[in-house]
Number of protein chains: 4
Amino acid sequence: MSAAPGTRLTPLAVAVLGAGRIGRKHAETLARRVENCRVPWIVEPLEDAGRACAADVGAQWTSDAARAIADPAVDAVLIATPTNTHADLIEMAASYGKPILCEKPIDLTMERTLAAIGAAEKAGVPLQIGFQRRYDPSYMRARRMIEEGAVGTIELVTATSRDPQPAPISYLKVSGGIFRDASIHDFDVVRYLTGHEVVEVFAYGAALVDPAIGEIGDADTVVASLRFDNGALGVVTASRRAVYGYDVSAEVFGSAGKVVVGESPETLVRRYGRDGVTRDNIFWFLQRFEESYVAEVQDFVACLRAGRTPRITGEDGRAALAIADAATQSFKEGRPVAVGKRPVPAGAA
Amino acid sequence: MSAAPGTRLTPLAVAVLGAGRIGRKHAETLARRVENCRVPWIVEPLEDAGRACAADVGAQWTSDAARAIADPAVDAVLIATPTNTHADLIEMAASYGKPILCEKPIDLTMERTLAAIGAAEKAGVPLQIGFQRRYDPSYMRARRMIEEGAVGTIELVTATSRDPQPAPISYLKVSGGIFRDASIHDFDVVRYLTGHEVVEVFAYGAALVDPAIGEIGDADTVVASLRFDNGALGVVTASRRAVYGYDVSAEVFGSAGKVVVGESPETLVRRYGRDGVTRDNIFWFLQRFEESYVAEVQDFVACLRAGRTPRITGEDGRAALAIADAATQSFKEGRPVAVGKRPVPAGAA
Amino acid sequence: MSAAPGTRLTPLAVAVLGAGRIGRKHAETLARRVENCRVPWIVEPLEDAGRACAADVGAQWTSDAARAIADPAVDAVLIATPTNTHADLIEMAASYGKPILCEKPIDLTMERTLAAIGAAEKAGVPLQIGFQRRYDPSYMRARRMIEEGAVGTIELVTATSRDPQPAPISYLKVSGGIFRDASIHDFDVVRYLTGHEVVEVFAYGAALVDPAIGEIGDADTVVASLRFDNGALGVVTASRRAVYGYDVSAEVFGSAGKVVVGESPETLVRRYGRDGVTRDNIFWFLQRFEESYVAEVQDFVACLRAGRTPRITGEDGRAALAIADAATQSFKEGRPVAVGKRPVPAGAA
Amino acid sequence: MSAAPGTRLTPLAVAVLGAGRIGRKHAETLARRVENCRVPWIVEPLEDAGRACAADVGAQWTSDAARAIADPAVDAVLIATPTNTHADLIEMAASYGKPILCEKPIDLTMERTLAAIGAAEKAGVPLQIGFQRRYDPSYMRARRMIEEGAVGTIELVTATSRDPQPAPISYLKVSGGIFRDASIHDFDVVRYLTGHEVVEVFAYGAALVDPAIGEIGDADTVVASLRFDNGALGVVTASRRAVYGYDVSAEVFGSAGKVVVGESPETLVRRYGRDGVTRDNIFWFLQRFEESYVAEVQDFVACLRAGRTPRITGEDGRAALAIADAATQSFKEGRPVAVGKRPVPAGAA
């Protein structure tokens, strides 16, 4: 897409790495829903998918990430590739001084996560992590209410995520496990909504949906109890299969009340019949968080233009992963596990 | 905006007439949310508004509607000008053979409405009327359920529309009155949801919100009872001021149950405090019907490409106006009034 | 039931006239749920029903109302007989100076209604009318909120009542018609909630549920538009058949907001399945208003003991009937009809 | 109350032990809401309270439990005394062969609990435990749905209980701790709804509401993760203070959907204002479970008359306590704890 006539700023050029479901969504957003922005490159190993996406947004296609990242015309990069490539691409983008919006998680290992964060920090490039729920109007309003005192002192926090059906076992094998792949959103949400850090986790997990998930050492049904740094307690539950739809909600309870982010119907329709009153339920996470995915990309660009630090940083990515790591370990070992803090960088106070 | 690379079709060029709130919204949709579509002209008497909107969507600005409509590069026109210009513009577009998407109502008088519809029919150009609720996912699902028998034989229909606050009195003076300006959406909705025609109306109206509204012979609070062609009954209520937000809902009741399109919260947040459990409410019709406005424009273009008749025709515009006319007359005369049918065109069977 | 030991007051003896569904309910309430109260007589023409009810509450049975009413041991009477006997029984009770709780309506004719009210007034006996919704916690709270200003100036009022299925045609023939039999509750509710009088009605009616209802000159589906003495508008709808349950609700809308008394689920259970989220709905009016029926009887006794005027008077019965009469006439004549006011008694100012 | 005339059965005489809040409630139910039942004795150490309650229900008062239990006219006993007396009273009633309805818990220690259950079993007297939620229409319907397959294979269960404010510290000191005193209802509910046994618990607890609660070694805010015998997971949370009311709910999730027993509003009223849409919330557990308390007593009597085993047995009391014991130990020791099974009685298979 060429620059829109009548705008005075040079369009911001954001290369999109990855043309899967989320990559395409982000590319469309950059091309059509962000003012004065363009997508010069789509980086994708699969040529057909890459070319189709590139054509859609007026970009060039390449399978060579370095070519796009190094292109002086590229102002920033959006990383929506498989997780195991995130850290390398962050380091590469950092080395070229390009600001980064990276889908969660940064990496499945803490070591590479820290390295990638360190690279971005050292290079002084903004690194925003794609926890899109933080851009959902409901979660944003809940957080504001909590900040304004609606629940008083926070005492008890719950969050749940349940998908309509499990991803293929081939994906799950490299997903890092349900805590790092799915519950990580809830671990981020409880940090976001409360402003507190989780210090300890006890997690139960079971493979009830599909024994194959158990055979790869993973769980599909989990309950993770949390202890926060202010003494509050919490619990995150998850399932890989809710046949009635996409079931995501959170509740923050405290001395002055509670704030709930409820589940989402798809429409406002209710049917009254002999069998009762029925409403629908949303099924697709991209529909539930449609607005959030757009808003996070818009805000990434807005932050770059304004020189603001992104709202969701590498440290947020690390902290959520640290909880997921502790949960995974607890699930394996059957005991509560302390959540790791960020190592103090050498030479820091 | 130039054609998106990689698409094979020639982009469809839709001139947008009117750069007010709705005109701008539609122009943005055409430019950014409809595949392979462009806006060559923004027609707007106010130069600043016109130029700003044109710049935003990559169009040229003109104050001369004829210039845009006559432009051979223009494939279709979208009319979002003040109501009193609609019929003239429809006739002009028809005379140039240009398909038309026109905001409701076609005209405040039945005579000019019929003339405009006639012109489009004679010219064989598609004329779609902007009753956006018909593109709302909730209303669409309700209609489908009703078609599939969810309520059985329709017996009792209710619909209501309440705005957060009245428009300025200067606007209300030329609005045609509350039935033609506001309830017309509900008159269309009850036709859409039931598939039946209203044959008689009895309407009460009162100026309770603002005496100035009464002084211009209009009402701000109304109750219109309806009788349908199948014997079913209905009622449409409206108010120009609901301090708690934008309150739009409908219910279709019958021998097998009822289907309700409920009011809309703004978010999924609930706050629990000493004073009870509170959720928010939506305030802005453009937020409530955001998706619908986009979808109606997308469907207009899709119909043109596919050679399909638009889902909402001039006759739909006429029929809703005829109910509004009857309601207005009933309100003035204090008696039930029959709803006018479409005059049989000369020479028709 | 003999007097409960340990209470110091003489038990209040309330004769119950009528051992149908409601009569039995009230007799049980008097015998078991009202402190220090007893039921000395059950009056019922059907011996079996009368004896069974009497045995249940420790009463004697008679088919002779005069015998029970005249019994000096009887302190008050509760009339739950067929409507066409109400006025006579009120007059008889009044002649013996016995306070009266009478099921609605007092009579199907205004003439007999006024006569019965007059008899009670002349005798100085309290006459409470059984509009049980006024004792429902939801309606009571709504009224209090409205009195406290929650809706500001009242502008638009709606109420609806829908039964799961029509009563037998034999009953409907002597019911006085749907407005006097069913909507009368809503006519009372709108008076109760708003504190305003209805001055004019326009009513549509249709026999859509059962043609036999039309053949007796009645309707089973109605829409009655209302105009109140303060200029506010309203609408009452009703159906004799809601297959999904008992559907009763009301809404009062005004300059500062609205208050809604919503429909009632039967339980707090929600089922989530592939077909959506389903809750149940209440089916039986005696279940919906269980608490209200008990509370109205308790309050009747409490008023007698305290010498207070009942909360719902003969005038309330007359006023609701007057609206029902106007609605019936409007339905028959197809024009708005003024609601009759209470005739000034001879000799009054 | 003397026998109601016309009933053929001898009235059942149930002595009520304890005239506190729950004891009085049960006595009233027995005297007024259970057909052909009477309360011959109220046993209560506090004379004034005992005499008042006795007078209210037509009973005699005594402070001597043995006198009432041994009275040959007494058919059964209802124990609503402080918890630390339950086991002794059960044993005494068993020794006289009197059927027992005992408020939960049987005892705070497993040893005395087992002894009391054993005494009742040995004597062959029915022992019903007062988990009133099992008589709530919502919980009963949820269970039936689950039995009929609404959730398929059970995978994830949650339940919560939150009181408006903590009981006095003097009560909490002898309450056995939050798990035995409050969460025990939820431990019973998850058994009831799922039909499965809990085999392991991990519990976090914190004293966040009142430090004095922490000082007595108890918690006021807890999260207890559960593992069931079928592999399903669960979580029970509780708080001693929900300022917005009494917050009790449960959810059973599985392969075919989920069933939720939601929280309860107090009325059906919603207020719409500038600040949103507000409904009320119930505050008092006796209001929430009013129907359940009546139904459990009615069913106790019905079981005695029919010779049926009570729906909630001593084993149910033991099993819930065993979970509470495990949760308490887990909370103290910071590790998952297996739930004790019932010791096989000597000589059993």
# chains A, B, ... in the order shown; residues from 1 in each chain; ligands from 1
$ select_by_dssp --residues "segment 100-340 of chain C" --states "alpha helix (DSSP H)" --output "JSON, numbers by chain"
{"C": [110, 111, 112, 113, 114, 115, 116, 117, 118, 119, 120, 121, 122, 123, 137, 138, 139, 140, 141, 142, 143, 144, 145, 146, 147, 169, 170, 171, 172, 173, 178, 184, 185, 186, 187, 188, 189, 190, 191, 192, 193, 194, 211, 212, 213, 214, 215, 285, 286, 287, 288, 290, 291, 292, 293, 294, 295, 296, 297, 298, 299, 300, 301, 302, 303, 304, 305, 306, 314, 315, 316, 317, 318, 319, 320, 321, 322, 323, 324, 325, 326, 327, 328, 329, 330, 331, 332, 333]}
$ interface_residues --of "chain D" --to "chain B" --cutoff "6 Å" --atoms "only C-alpha atoms" --output "PyMOL selection string"
chain D and resi 243-244+272-274+276-281
$ residues_around --residues "Cys102 of chain A" --least-positions-apart "2" --cutoff "6 Å" --atoms "only C-alpha atoms" --output "CSV table (one decimal) with C-alpha atoms, in the first residue's frame"
chain,number,residue,atom,x,y,z
A,78,LEU,CA,6.6,-7.8,13.9
A,79,ILE,CA,7.5,-11.3,14.8
A,129,ILE,CA,5.3,-8.7,23.8
A,130,GLY,CA,2.0,-9.8,22.3
$ closest_residue --among "B:His185, B:His196, B:Arg162, B:Arg318" --to "Gly257 of chain C" --atoms "only C-alpha atoms"
B:Arg162
$ closest_residue --among "A:Glu215, A:Glu148, A:Glu200, A:Glu333" --to "Gly231 of chain A" --atoms "only C-alpha atoms"
A:Glu200
$ closest_atom_pairs --of "segment 108-178 of chain A" --to "segment 285-292 of chain A" --cutoff "8 Å" --atoms "only C-alpha atoms" --output "tab-separated table"
residue	atom	partner	partner_atom	distance
A:Gln132	CA	A:Ser292	CA	5.5
A:Arg133	CA	A:Ser292	CA	6.4
A:Arg134	CA	A:Ser292	CA	7.6
A:Tyr135	CA	A:Ser292	CA	4.7
A:Asp136	CA	A:Ser292	CA	4.7
A:Pro137	CA	A:Ser292	CA	7.5
$ write_last_selection --atoms "C-alpha atoms" --output "tab-separated table (two decimals), in the first residue's frame"
chain	number	residue	atom	x	y	z
A	132	GLN	CA	-3.22	-9.17	23.47
A	133	ARG	CA	-5.61	-9.48	26.39
A	134	ARG	CA	-4.02	-6.36	27.82
A	135	TYR	CA	-5.53	-4.49	24.87
A	136	ASP	CA	-9.01	-5.94	25.31
A	137	PRO	CA	-11.46	-3.21	26.40
$ residues_around --residues "Asp181 of chain A" --least-positions-apart "3" --cutoff "10 Å" --atoms "only C-alpha atoms" --output "list in words"
Thr83, Lys104, Pro105, Leu108, Leu172, Val174, Ser175, Gly176, Gly177, Ile178, Ile184, His185, Leu321 and Ala324 of chain A
$ select_by_dssp --residues "segment 46-77 of chain A" --states "strand (DSSP E or B)" --output "ChimeraX atom specification"
/A:60-62,76-77
$ residues_around --residues "Ala68 of chain D" --least-positions-apart "5" --cutoff "9 Å" --atoms "only C-alpha atoms" --output "list in words"
Ala15, Val16, Leu17, Pro40, Trp41, Ile42, Val43, Thr62, Ala73, Val74 and Val77 of chain D
$ atom_distance --atom1 "atom CA of Ala238 of chain C" --atom2 "atom CA of Asp229 of chain B"
19.4 Å
